[in-house]
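Since the structure comes first, as structure tokens, the remarks are kept for the end.
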Amino acid sequence: MTSAAVAGPAEFAPWKDPAQTPLIRFEGVTKRFGDFTAIDNVDLTIYRKEFFALLGPSGCGKTTLMRMLAGFETASEGRITIGGQDMNGIPPNRREVNMMFQSYALFPHLSVWDNIAFGLKRSAMPKDQIPDRVHEMLRLTRLEQFARRKPHQISGGQRQRVALARALAKAPKLLLLDEPLGALDAKLRQQTQFELMDIQEKTETTFVIVTHDQEEAMTVASRVAVMNDGKVIQVDTPARIYETPNSVYVADFIGDVNLIEGNVALKPDGLASLAWAEGAPEIIATAGEGLKDGARAGFVIRPEKVAISAERPEDRNNVVRGRILDIAYLGNISTYHVELPGGQVIKAQTVNNRRLSRRGFTWQDEVWLSWTDTAGLVLAG
Amino acid sequence: MRRFSWFNATSLTLGFAFLYVPMIILVVYSFNESRLVTVWAGFSTRWYGELLRDQAFLDAAWVTVRVAFVSSTIATVLGTMAAYVLVRGGKFMGRTLFSGMIYAPLVMPEVITGLSLLLLFISIGLDRGIFTIILAHTTFSMCYVSVVVSSRLVSFDRSVEEAALDLGCTPFDAFRSVTLPLIAPAVIAGWLLAFTLSLDDLVIASFTAGPSATTLPIKIFSSVRMGVSPEINALSTILIGIVTVGVVTASLVSKRRIVQRERDEKMAGQTA
Ligand SMILES: Nc1ncnc2c1ncn2[C@@H]1O[C@H](COP(=O)(O)OP(=O)(O)O)[C@@H](O)[C@H]1O
Ligand SMILES: [Mg+2]
């Protein structure tokens, strides 16, 4: 996984460097279809060579955002610039942007070779250089022996690679990928994710990928924008989105999470306490952004940060007692579903480094759950 | 396999008899020696020879073919353009009205279409002849083309056109190099439909034809009114022959394409 290291924040983080100018800038962009608002006042910056993921549930406006970059939709309000140039009124064919469509949109009447050459024939590239470039793309996507085939004569995975090769052939400044791996099965999908990262690294193109699969976004992206209902909720690196989500929505969307709702009281040192049930001790956790004293809030904690023990731990503020309802054994890890007296179910995950026979707990056992003050977050809404 | 019952056999026979017996009679009598249509006097190809020497028939046939060819070609161009605008042109004022109006001539009685065209040609002082028949046929067959082509455009994945724009095509280039090749089967079907409609139109042609130009259906109809002649049988047999050859060829070609496609898809599956 060398490519993941390159995408890591230590080596590559132009968004932290004020001297860098972003390649793409959305400024207060709103898109309406009739009286339906598909994109709602979005501000976003994307930098050169980023692998940027748009993540969100179906219908949240990911494709629409991407189509505005490609030039198929114009913003109702606000401004989109690419490389400093205002893109308003510039048609798709005059943008240095190429798109890999969700349906691949290969030309069924043309061979694989001609599909890839299609854009090159309409570019400034001299005719005699086109075959070399097509060949390079075929090699990159390992399609050499299928050059003469028509799209219906190759398999789904190969079609997807043709679509990628075709979109990359013109060496665009920006490549848009709309759920490119949606049609592939899990194994091929994972393999292709790494291929995509590899290609992105080799070609040094800026990639913007749309996905509704959070694992995919976390795997490939340098940064992720989590969207909901036409709004961008949070933009950050995969690790920070996972560790410090800015809202209950994001925490819930990315990975597995426990959620407890209650009334918040702010405390010193960036902590907050949450009153969540009559008679139960308040939960102490790190306070998220924009939290208001006395308001309703949600406490979120990842299952792997909840410790499970037979005896009551002495050194922690956050301790609750419950009964094991269910155990999901996944080989390397086990997830315990523990029911609290109030009926809430909290998931606690442990790594199985002991032998199965020596696992401590079984169904209906009374156990203690605990976590440190900084393991969870109290978040607004 | 279900057994082939007597009931099935009977209905099949009756159904096909109903369709084809009249034509078989016509074909058989076209080879009749006698001038009397209903009396068999032995086999002969005499009426085919007479037909080829009949200048009036040959002229009418030539006019019909020219009218059909020119009018169906113009109708295909106009009808395809209309379909493209109505399906792809986005929202514009009165789009629904226009889409509805495209269908109106399909259900309009031909007599009315013919009469209104006749009135138009008279009022603008256009002499009736081959040109007015071409205009009239273009007008009504254009709607059929547009209906056939729009049904193809509606079922067609829009993103393929967008991909062409994305890869640097102007809208016209995208239409020419992607849309047109993909809707070609519908365009060809539309052209064939327009061509046949024009070939066998009698009503509209009789309103818009002038003394200088007569089409084959008008010629046949007017000569039949003076009694059926064996010449007409011969002519009809030739037409049936042409149509049969056309239909058989078309179905063989499309059958071969389906087989080829199935083979291709099997091959794609194996290399997956
Ligand atoms: N051309 C359009 N006309 C009307 N509504 C549209 C159009 N395109 C998208 N929408 C609506 O905008 C919303 C966002 O769509 P989309 O961007 O495709 O979502 P996603 O890609 O995130 O699933 C959806 O509710 C969709 O119905
Ligand atoms: Mg989408």
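Identifiers in the structure tokens: chain A, B, ... in order shown; residue index from 1 per chain; ligand index from 1 in order shown.
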
Expected answer as a PyMOL selection string: residues within 10 Å of ligand 1, only C-alpha atoms and all ligand atoms: chain A and resi 31-39+54-68+72-73+102+178-179+210-212+227-230

Based on the selection just made, write N, CA, C and O atoms of those residues as a CSV table (one decimal), in the first residue's frame.
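Output below, filename again_2.csv:
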```
chain,number,residue,atom,x,y,z
A,31,LYS,N,-27.6,25.0,-6.5
A,31,LYS,CA,-28.2,24.5,-7.8
A,31,LYS,C,-29.6,24.1,-7.5
A,31,LYS,O,-29.9,23.3,-6.6
A,32,ARG,N,-30.5,24.8,-8.3
A,32,ARG,CA,-31.9,24.4,-8.1
A,32,ARG,C,-32.5,23.8,-9.4
A,32,ARG,O,-32.1,24.2,-10.5
A,33,PHE,N,-33.3,22.8,-9.2
A,33,PHE,CA,-34.1,22.2,-10.3
A,33,PHE,C,-35.5,22.6,-10.1
A,33,PHE,O,-36.1,22.1,-9.2
A,34,GLY,N,-36.0,23.6,-10.8
A,34,GLY,CA,-37.3,24.1,-10.4
A,34,GLY,C,-37.3,24.7,-9.0
A,34,GLY,O,-36.4,25.5,-8.8
A,35,ASP,N,-38.2,24.2,-8.2
A,35,ASP,CA,-38.1,24.8,-6.8
A,35,ASP,C,-37.4,23.8,-5.8
A,35,ASP,O,-37.4,23.9,-4.6
A,36,PHE,N,-36.8,22.8,-6.4
A,36,PHE,CA,-36.0,21.8,-5.6
A,36,PHE,C,-34.6,22.2,-5.5
A,36,PHE,O,-33.9,22.4,-6.6
A,37,THR,N,-34.0,22.3,-4.3
A,37,THR,CA,-32.6,22.7,-4.2
A,37,THR,C,-31.8,21.5,-4.1
A,37,THR,O,-31.8,20.8,-3.1
A,38,ALA,N,-31.0,21.2,-5.1
A,38,ALA,CA,-30.2,20.0,-5.1
A,38,ALA,C,-28.8,20.2,-4.5
A,38,ALA,O,-28.3,19.3,-3.8
A,39,ILE,N,-28.3,21.4,-4.6
A,39,ILE,CA,-27.0,21.8,-4.0
A,39,ILE,C,-27.3,23.1,-3.3
A,39,ILE,O,-27.8,24.1,-3.8
A,54,LEU,N,-16.3,12.6,-2.9
A,54,LEU,CA,-17.6,13.1,-2.4
A,54,LEU,C,-18.4,11.9,-1.9
A,54,LEU,O,-18.6,11.0,-2.7
A,55,LEU,N,-18.7,12.0,-0.7
A,55,LEU,CA,-19.4,10.8,0.0
A,55,LEU,C,-20.7,11.3,0.5
A,55,LEU,O,-20.9,12.3,1.1
A,56,GLY,N,-21.7,10.5,0.3
A,56,GLY,CA,-23.1,10.8,0.9
A,56,GLY,C,-24.1,9.8,0.4
A,56,GLY,O,-23.8,9.0,-0.6
A,57,PRO,N,-25.2,9.8,1.0
A,57,PRO,CA,-26.3,8.9,0.6
A,57,PRO,C,-26.8,9.2,-0.8
A,57,PRO,O,-26.6,10.3,-1.3
A,58,SER,N,-27.5,8.3,-1.4
A,58,SER,CA,-28.1,8.5,-2.7
A,58,SER,C,-29.0,9.7,-2.7
A,58,SER,O,-29.8,9.8,-1.8
A,59,GLY,N,-28.9,10.5,-3.7
A,59,GLY,CA,-29.8,11.7,-3.8
A,59,GLY,C,-29.3,12.9,-3.1
A,59,GLY,O,-30.0,13.9,-3.1
A,60,CYS,N,-28.1,12.9,-2.5
A,60,CYS,CA,-27.7,14.0,-1.8
A,60,CYS,C,-27.0,15.1,-2.6
A,60,CYS,O,-26.7,16.2,-2.2
A,61,GLY,N,-26.9,14.8,-3.9
A,61,GLY,CA,-26.4,15.9,-4.8
A,61,GLY,C,-24.9,15.7,-5.3
A,61,GLY,O,-24.3,16.6,-5.9
A,62,LYS,N,-24.4,14.5,-5.1
A,62,LYS,CA,-23.0,14.2,-5.5
A,62,LYS,C,-22.8,14.3,-7.0
A,62,LYS,O,-21.9,15.0,-7.5
A,63,THR,N,-23.7,13.6,-7.7
A,63,THR,CA,-23.6,13.7,-9.2
A,63,THR,C,-23.8,15.1,-9.7
A,63,THR,O,-23.1,15.5,-10.6
A,64,THR,N,-24.7,15.8,-9.1
A,64,THR,CA,-25.0,17.2,-9.6
A,64,THR,C,-23.8,18.1,-9.4
A,64,THR,O,-23.4,18.8,-10.3
A,65,LEU,N,-23.1,17.9,-8.3
A,65,LEU,CA,-21.9,18.7,-8.0
A,65,LEU,C,-20.8,18.4,-9.1
A,65,LEU,O,-20.2,19.3,-9.6
A,66,MET,N,-20.7,17.1,-9.4
A,66,MET,CA,-19.7,16.7,-10.4
A,66,MET,C,-20.1,17.2,-11.8
A,66,MET,O,-19.3,17.6,-12.6
A,67,ARG,N,-21.4,17.1,-12.1
A,67,ARG,CA,-21.8,17.6,-13.4
A,67,ARG,C,-21.6,19.1,-13.6
A,67,ARG,O,-21.5,19.5,-14.7
A,68,MET,N,-21.6,19.8,-12.5
A,68,MET,CA,-21.3,21.2,-12.6
A,68,MET,C,-19.8,21.4,-13.0
A,68,MET,O,-19.5,22.4,-13.7
A,72,PHE,N,-22.0,20.1,-17.5
A,72,PHE,CA,-23.4,19.7,-17.9
A,72,PHE,C,-24.5,20.4,-17.2
A,72,PHE,O,-25.6,20.4,-17.6
A,73,GLU,N,-24.2,21.1,-16.0
A,73,GLU,CA,-25.1,21.8,-15.3
A,73,GLU,C,-24.5,23.2,-15.0
A,73,GLU,O,-23.3,23.2,-14.7
A,102,GLN,N,-21.0,7.0,-14.6
A,102,GLN,CA,-21.5,6.0,-13.7
A,102,GLN,C,-21.8,4.7,-14.6
A,102,GLN,O,-21.6,3.6,-14.2
A,178,ASP,N,-17.6,9.1,-11.4
A,178,ASP,CA,-18.9,9.0,-10.8
A,178,ASP,C,-19.2,7.6,-10.4
A,178,ASP,O,-19.6,6.8,-11.3
A,179,GLU,N,-19.1,7.2,-9.2
A,179,GLU,CA,-19.3,5.8,-8.7
A,179,GLU,C,-18.7,4.8,-9.7
A,179,GLU,O,-19.4,4.0,-10.2
A,210,VAL,N,-16.9,10.2,-6.9
A,210,VAL,CA,-18.2,10.2,-6.2
A,210,VAL,C,-18.4,8.7,-5.7
A,210,VAL,O,-18.2,7.8,-6.4
A,211,THR,N,-18.8,8.6,-4.5
A,211,THR,CA,-19.2,7.3,-4.0
A,211,THR,C,-20.2,7.4,-2.9
A,211,THR,O,-20.3,8.4,-2.2
A,212,HIS,N,-20.9,6.3,-2.7
A,212,HIS,CA,-21.8,6.3,-1.5
A,212,HIS,C,-21.3,5.2,-0.5
A,212,HIS,O,-21.9,4.9,0.5
A,227,MET,N,-21.5,14.6,2.4
A,227,MET,CA,-22.6,15.5,2.0
A,227,MET,C,-23.9,14.9,2.5
A,227,MET,O,-24.0,13.7,2.8
A,228,ASN,N,-24.8,15.8,2.7
A,228,ASN,CA,-26.2,15.4,3.1
A,228,ASN,C,-27.2,16.5,2.6
A,228,ASN,O,-26.9,17.7,2.8
A,229,ASP,N,-28.2,16.1,1.9
A,229,ASP,CA,-29.2,17.0,1.4
A,229,ASP,C,-28.7,18.2,0.7
A,229,ASP,O,-29.1,19.3,1.0
A,230,GLY,N,-27.7,18.0,-0.2
A,230,GLY,CA,-27.2,19.2,-0.9
A,230,GLY,C,-26.2,20.0,-0.2
A,230,GLY,O,-25.7,21.0,-0.7
```

Chain A contacts on chain B, only C-alpha atoms, 10 Å, as a ChimeraX atom specification: /B:157-171,173,177-179,181-182,261-272

Saved selection, atoms kept: N, CA and C atoms, as a CSV table (one decimal), in the first residue's frame:
```
chain,number,residue,atom,x,y,z
B,157,ASP,N,-29.3,5.9,-23.9
B,157,ASP,CA,-28.6,6.4,-22.7
B,157,ASP,C,-28.0,7.8,-23.0
B,158,ARG,N,-28.6,8.8,-22.5
B,158,ARG,CA,-28.1,10.2,-22.7
B,158,ARG,C,-26.7,10.4,-22.4
B,159,SER,N,-26.1,9.6,-21.4
B,159,SER,CA,-24.7,9.9,-21.0
B,159,SER,C,-23.7,9.6,-22.1
B,160,VAL,N,-24.1,8.7,-23.1
B,160,VAL,CA,-23.2,8.5,-24.2
B,160,VAL,C,-23.0,9.8,-25.0
B,161,GLU,N,-24.0,10.5,-25.2
B,161,GLU,CA,-23.9,11.8,-25.9
B,161,GLU,C,-23.0,12.8,-25.0
B,162,GLU,N,-23.3,12.8,-23.7
B,162,GLU,CA,-22.6,13.6,-22.8
B,162,GLU,C,-21.1,13.3,-22.8
B,163,ALA,N,-20.8,12.0,-22.9
B,163,ALA,CA,-19.4,11.5,-23.0
B,163,ALA,C,-18.7,12.1,-24.2
B,164,ALA,N,-19.4,12.2,-25.3
B,164,ALA,CA,-18.9,12.7,-26.5
B,164,ALA,C,-18.6,14.2,-26.3
B,165,LEU,N,-19.5,15.0,-25.7
B,165,LEU,CA,-19.2,16.4,-25.4
B,165,LEU,C,-18.0,16.5,-24.5
B,166,ASP,N,-18.0,15.7,-23.5
B,166,ASP,CA,-17.0,15.7,-22.5
B,166,ASP,C,-15.6,15.5,-23.1
B,167,LEU,N,-15.6,14.7,-24.2
B,167,LEU,CA,-14.3,14.3,-24.8
B,167,LEU,C,-13.9,15.3,-25.9
B,168,GLY,N,-14.7,16.4,-26.0
B,168,GLY,CA,-14.3,17.5,-26.9
B,168,GLY,C,-15.1,17.7,-28.1
B,169,CYS,N,-16.2,17.0,-28.3
B,169,CYS,CA,-17.1,17.2,-29.4
B,169,CYS,C,-17.9,18.5,-29.3
B,170,THR,N,-18.2,19.2,-30.4
B,170,THR,CA,-19.2,20.2,-30.4
B,170,THR,C,-20.5,19.5,-30.4
B,171,PRO,N,-21.6,20.1,-30.0
B,171,PRO,CA,-22.9,19.4,-30.1
B,171,PRO,C,-23.2,18.8,-31.4
B,173,ASP,N,-21.0,17.8,-33.7
B,173,ASP,CA,-20.0,16.7,-33.9
B,173,ASP,C,-20.5,15.4,-33.1
B,177,SER,N,-21.2,12.0,-34.8
B,177,SER,CA,-20.3,10.8,-34.6
B,177,SER,C,-20.8,9.8,-33.6
B,178,VAL,N,-21.8,10.2,-32.8
B,178,VAL,CA,-22.3,9.3,-31.8
B,178,VAL,C,-23.8,9.0,-31.9
B,179,THR,N,-24.6,10.1,-31.8
B,179,THR,CA,-26.0,9.9,-31.8
B,179,THR,C,-26.5,9.2,-33.1
B,181,PRO,N,-25.0,7.4,-35.5
B,181,PRO,CA,-24.7,6.0,-35.7
B,181,PRO,C,-25.6,5.1,-34.8
B,182,LEU,N,-25.9,5.6,-33.6
B,182,LEU,CA,-26.6,4.7,-32.7
B,182,LEU,C,-28.1,4.7,-33.0
B,261,ARG,N,-24.3,-11.3,-32.2
B,261,ARG,CA,-24.2,-10.6,-30.9
B,261,ARG,C,-24.2,-11.6,-29.8
B,262,GLU,N,-25.0,-12.6,-29.9
B,262,GLU,CA,-25.0,-13.7,-28.8
B,262,GLU,C,-23.6,-14.3,-28.7
B,263,ARG,N,-23.0,-14.6,-29.9
B,263,ARG,CA,-21.7,-15.2,-29.9
B,263,ARG,C,-20.7,-14.2,-29.2
B,264,ASP,N,-20.8,-12.9,-29.6
B,264,ASP,CA,-19.9,-12.0,-29.0
B,264,ASP,C,-20.0,-11.9,-27.5
B,265,GLU,N,-21.3,-11.9,-27.0
B,265,GLU,CA,-21.5,-11.8,-25.6
B,265,GLU,C,-20.9,-13.1,-24.8
B,266,LYS,N,-21.1,-14.2,-25.5
B,266,LYS,CA,-20.5,-15.4,-24.9
B,266,LYS,C,-19.0,-15.3,-24.7
B,267,MET,N,-18.4,-14.8,-25.8
B,267,MET,CA,-17.0,-14.6,-25.8
B,267,MET,C,-16.6,-13.6,-24.7
B,268,ALA,N,-17.3,-12.5,-24.5
B,268,ALA,CA,-17.0,-11.6,-23.5
B,268,ALA,C,-17.1,-12.2,-22.1
B,269,GLY,N,-18.1,-13.1,-21.9
B,269,GLY,CA,-18.2,-13.8,-20.7
B,269,GLY,C,-17.0,-14.7,-20.4
B,270,GLN,N,-16.4,-15.3,-21.4
B,270,GLN,CA,-15.3,-16.2,-21.2
B,270,GLN,C,-14.0,-15.5,-20.8
B,271,THR,N,-13.9,-14.3,-21.4
B,271,THR,CA,-12.6,-13.5,-21.1
B,271,THR,C,-12.7,-12.7,-19.8
B,272,ALA,N,-13.9,-12.8,-19.1
B,272,ALA,CA,-14.1,-12.0,-17.9
B,272,ALA,C,-13.1,-12.3,-16.8
```

DSSP-assigned strand (DSSP E) among range 93-326 of chain A, expressed as a PyMOL selection string: chain A and resi 97-100+174-178+206-211+223-228+231-236+258-267+271-275+283-287+296-301+307-309+318-326

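Distances to ligand 2 were evaluated for A:Asp213, A:Ile260, A:Thr203, A:Gly255 using only C-alpha atoms and all ligand atoms, and the minimum falls at A:Asp213.
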
Residues near range 246-252 of chain B, cut-off 12 Å, only C-alpha atoms, skip fewer than 6 positions along chain, as an MDAnalysis selection string: chainID B and resid 185 188:189 192 196 239:240 258:259

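A straight line drawn from CA of Phe175 in chain B to CA of Gly89 in chain A is 20.8 Å long.
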
Nearby residues (only C-alpha atoms) at most 8 Å from range 198-201 of chain B, same-chain spacing under 2 positions excluded, as a PyMOL selection string: chain B and resi 64-65+67-68+71-72+137+141+194-196+203-205+217

Could you turn the residues from that selection into a file that holds C-alpha atoms, as a PDB file, in the first residue's frame?
```
ATOM      1  CA  THR B  64     -43.907   6.583 -58.023  1.00  0.00           C
ATOM      2  CA  VAL B  65     -40.351   5.441 -57.351  1.00  0.00           C
ATOM      3  CA  VAL B  67     -41.642  10.423 -55.451  1.00  0.00           C
ATOM      4  CA  ALA B  68     -41.132   7.714 -52.843  1.00  0.00           C
ATOM      5  CA  SER B  71     -40.079  12.333 -50.273  1.00  0.00           C
ATOM      6  CA  SER B  72     -38.922   9.623 -47.860  1.00  0.00           C
ATOM      7  CA  HIS B 137     -45.800  12.829 -49.120  1.00  0.00           C
ATOM      8  CA  SER B 141     -44.566  10.684 -43.757  1.00  0.00           C
ATOM      9  CA  ALA B 194     -41.879   6.596 -45.311  1.00  0.00           C
ATOM     10  CA  PHE B 195     -40.861   4.929 -48.578  1.00  0.00           C
ATOM     11  CA  THR B 196     -43.600   2.281 -48.382  1.00  0.00           C
ATOM     12  CA  VAL B 203     -55.772   9.205 -51.505  1.00  0.00           C
ATOM     13  CA  ILE B 204     -53.324  12.027 -50.888  1.00  0.00           C
ATOM     14  CA  ALA B 205     -51.658  11.467 -54.250  1.00  0.00           C
ATOM     15  CA  PRO B 217     -51.622   3.440 -57.314  1.00  0.00           C
TER      16      PRO B 217
END
```

Selection: 9 Å around Val378 in chain A, only C-alpha atoms, excl. self and same-chain fewer than 5 positions, as a PyMOL selection string: chain A and resi 247-248+264+271-274+284-289+291+297-301

Please produce a file of those selected residues containing C-alpha atoms, as a short mmCIF file (atom, residue, chain, number, x, y, z; two decimals), in the first residue's frame.
```
data_model
loop_
_atom_site.label_atom_id
_atom_site.label_comp_id
_atom_site.auth_asym_id
_atom_site.auth_seq_id
_atom_site.Cartn_x
_atom_site.Cartn_y
_atom_site.Cartn_z
CA SER A 247 -21.62 16.09 13.76
CA VAL A 248 -23.63 13.08 14.75
CA VAL A 264 -25.08 18.75 27.47
CA LEU A 271 -14.75 18.62 27.85
CA ALA A 272 -18.50 18.30 28.15
CA SER A 273 -20.79 16.21 30.26
CA LEU A 274 -23.96 14.63 29.03
CA ILE A 284 -17.70 12.94 30.25
CA ALA A 285 -16.25 13.37 26.78
CA THR A 286 -14.46 15.78 24.46
CA ALA A 287 -16.75 18.61 23.36
CA GLY A 288 -17.33 18.92 19.61
CA GLU A 289 -17.57 22.19 17.68
CA LEU A 291 -21.88 22.91 21.21
CA ALA A 297 -26.60 16.70 21.95
CA GLY A 298 -25.32 13.27 21.04
CA PHE A 299 -22.44 11.35 22.56
CA VAL A 300 -20.67 9.21 19.99
CA ILE A 301 -18.03 6.60 20.57
#
```

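Atom to atom, CA of Gly227 in chain B and CA of Ser34 in chain B stand 14.5 Å apart.
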
Test item, alpha helix (DSSP H) assignment across range 185-215 of chain B, answer as a ChimeraX atom specification: /B:185-200,203-208

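Interatomic distance, CA of Ala75 in chain B against CA of Ser236 in chain B: 26.6 Å.
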
Report as a PDB file with C-alpha atoms, in the first residue's frame all protein, DNA and RNA residues lying within 6 Å of range 135-143 of chain A, evaluated on only C-alpha atoms, omitting residues in the same chain fewer than 3 positions from it.
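After the write, part_15.pdb holds the following:
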```pdb
ATOM      1  CA  ASP A 132       1.205   5.866 -29.281  1.00  0.00           C
ATOM      2  CA  PHE A 146      -8.850  -6.232 -26.405  1.00  0.00           C
ATOM      3  CA  ARG A 161     -11.160   0.023 -17.520  1.00  0.00           C
ATOM      4  CA  ALA A 165      -8.598   4.800 -20.198  1.00  0.00           C
TER       5      ALA A 165
END
```

Can you tell me which residues surround range 85-99 of chain B at a distance of at most 7 Å, considering only C-alpha atoms, apart from same-chain residues fewer than 6 positions away, and format the answer as a PDB file with all heavy atoms, in the first residue's frame?
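Saved as result_10.pdb:
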```
ATOM      1  N   SER B 150     -38.094   9.187 -32.431  1.00  0.00           N
ATOM      2  CA  SER B 150     -38.128   9.636 -31.023  1.00  0.00           C
ATOM      3  C   SER B 150     -38.240   8.474 -30.056  1.00  0.00           C
ATOM      4  O   SER B 150     -37.663   8.539 -28.980  1.00  0.00           O
ATOM      5  CB  SER B 150     -39.178  10.683 -30.694  1.00  0.00           C
ATOM      6  OG  SER B 150     -40.192  10.738 -31.575  1.00  0.00           O
ATOM      7  N   LEU B 153     -34.765   7.505 -29.493  1.00  0.00           N
ATOM      8  CA  LEU B 153     -34.017   8.516 -28.731  1.00  0.00           C
ATOM      9  C   LEU B 153     -34.381   8.468 -27.241  1.00  0.00           C
ATOM     10  O   LEU B 153     -33.531   8.651 -26.380  1.00  0.00           O
ATOM     11  CB  LEU B 153     -34.313   9.913 -29.274  1.00  0.00           C
ATOM     12  CG  LEU B 153     -33.494  10.354 -30.473  1.00  0.00           C
ATOM     13  CD1 LEU B 153     -34.011  11.678 -30.992  1.00  0.00           C
ATOM     14  CD2 LEU B 153     -32.026  10.477 -30.113  1.00  0.00           C
ATOM     15  N   VAL B 154     -35.659   8.223 -26.958  1.00  0.00           N
ATOM     16  CA  VAL B 154     -36.102   8.208 -25.562  1.00  0.00           C
ATOM     17  C   VAL B 154     -35.431   7.061 -24.805  1.00  0.00           C
ATOM     18  O   VAL B 154     -35.017   7.214 -23.662  1.00  0.00           O
ATOM     19  CB  VAL B 154     -37.642   8.079 -25.499  1.00  0.00           C
ATOM     20  CG1 VAL B 154     -38.103   7.724 -24.108  1.00  0.00           C
ATOM     21  CG2 VAL B 154     -38.292   9.372 -25.948  1.00  0.00           C
TER      22      VAL B 154
END
```
